[in-house]
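Below is one structure, written out as structure tokens, with a few remarks after it.
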Amino acid sequence: MAKEELTSIEWRSDQWMFQYGGLRPDNVLEYFSQSPFWDSSSNNAVLKMQTQFNDLQHASYDLKNMVGIEFAVTHQEPPSLFIITKFRRTSPTRAIPLAVYYISDGNAYEAPTLYSIISTRMLSSIKRVEEAFDIARRYSEFHPSVGYTWKETTEQKKARQEALKDIQ
């Protein structure tokens, strides 16, 4: 099953932010859990369901001991910027980053992958090189006895001949 492309989605819930008084470090993951980026089978969701009627003091400790998908706030500049990383935890000490999301002024986005950024830049660069070759091709001509030469207007030809006379 192919991963759904979410990098073009912007998500926001003004109602949630109004109800909870805006975004803070202690509630940003709860806000993020309402977005289409959230994985309801993540360790965060499982732990929330299992401990919803208990004291959540040891939630982060329990999360580190679980194996599977996990979301964590990896950078924050409250209240305007929060960066959330999706990890695949394989052991208490090893977590592999899978995706990065950011919340900027309440708008949640999935950050593009390095591969997609580089491939887009390379594609646009190649397109520009191709356009340059197309332009150059229009100004060149080929003759079997001479090979490739540049097409010249009569003014360019006169200027070239004058320059050659000055050199000789």
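Each chain in the structure tokens gets a letter, A, B and so on, in the order shown; residues start at 1 in every chain, and ligands are counted from 1 in the order they appear.
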Checklist entry - If you run DSSP on this backbone, which residues of range 76-161 of chain A come out as strand (DSSP E), and could you give them as an NGL selection string? => result :A and (76-77 or 81-91 or 94-104 or 107-110 or 140-143 or 147-150)
Now that the selection is made, can you save its residues with C-alpha atoms as a PDB file, in the first residue's frame?
```
ATOM      1  CA  GLN A  76       9.451  24.289  20.098  1.00  0.00           C
ATOM      2  CA  GLU A  77       9.228  28.049  20.144  1.00  0.00           C
ATOM      3  CA  LEU A  81       6.245  27.073  16.267  1.00  0.00           C
ATOM      4  CA  PHE A  82       6.275  23.395  17.187  1.00  0.00           C
ATOM      5  CA  ILE A  83       8.145  20.673  15.303  1.00  0.00           C
ATOM      6  CA  ILE A  84       6.844  17.140  15.711  1.00  0.00           C
ATOM      7  CA  THR A  85       8.737  14.088  14.507  1.00  0.00           C
ATOM      8  CA  LYS A  86       7.219  10.705  13.742  1.00  0.00           C
ATOM      9  CA  PHE A  87       9.544   7.885  14.805  1.00  0.00           C
ATOM     10  CA  ARG A  88       9.613   4.125  14.506  1.00  0.00           C
ATOM     11  CA  ARG A  89      10.869   3.001  17.904  1.00  0.00           C
ATOM     12  CA  THR A  90      12.652  -0.343  17.799  1.00  0.00           C
ATOM     13  CA  SER A  91      14.054  -0.316  21.341  1.00  0.00           C
ATOM     14  CA  ARG A  94      16.699   3.452  19.173  1.00  0.00           C
ATOM     15  CA  ALA A  95      14.116   5.483  17.272  1.00  0.00           C
ATOM     16  CA  ILE A  96      14.224   5.982  13.489  1.00  0.00           C
ATOM     17  CA  PRO A  97      12.723   9.259  12.199  1.00  0.00           C
ATOM     18  CA  LEU A  98      10.063   8.666   9.534  1.00  0.00           C
ATOM     19  CA  ALA A  99       8.521  12.103   8.958  1.00  0.00           C
ATOM     20  CA  VAL A 100       8.641  15.647  10.292  1.00  0.00           C
ATOM     21  CA  TYR A 101       5.625  17.877  10.831  1.00  0.00           C
ATOM     22  CA  TYR A 102       5.482  21.454  11.935  1.00  0.00           C
ATOM     23  CA  ILE A 103       2.819  23.657  13.431  1.00  0.00           C
ATOM     24  CA  SER A 104       3.270  27.307  12.624  1.00  0.00           C
ATOM     25  CA  ASN A 107      -1.384  25.577  10.957  1.00  0.00           C
ATOM     26  CA  ALA A 108      -0.069  22.016  10.743  1.00  0.00           C
ATOM     27  CA  TYR A 109       1.985  20.806   7.768  1.00  0.00           C
ATOM     28  CA  GLU A 110       4.057  17.785   6.811  1.00  0.00           C
ATOM     29  CA  SER A 140      23.667  26.544 -34.906  1.00  0.00           C
ATOM     30  CA  GLU A 141      23.786  24.879 -38.279  1.00  0.00           C
ATOM     31  CA  PHE A 142      25.553  21.815 -39.599  1.00  0.00           C
ATOM     32  CA  HIS A 143      27.256  21.236 -42.922  1.00  0.00           C
ATOM     33  CA  GLY A 147      30.698  20.786 -39.265  1.00  0.00           C
ATOM     34  CA  TYR A 148      28.754  22.877 -36.806  1.00  0.00           C
ATOM     35  CA  THR A 149      28.823  26.646 -37.130  1.00  0.00           C
ATOM     36  CA  TRP A 150      26.842  29.461 -35.601  1.00  0.00           C
TER      37      TRP A 150
END
```
Checklist entry - Could you pull the residues within 7 Å of range 44-52 of chain A, counting only C-alpha atoms, minus those fewer than 2 positions along the same chain, as a PyMOL selection string? => result chain A and resi 40-42+54+56+63+70-71
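The spacing separating CA of Ser125 in chain A from CA of Glu5 in chain A amounts to 23.8 Å.
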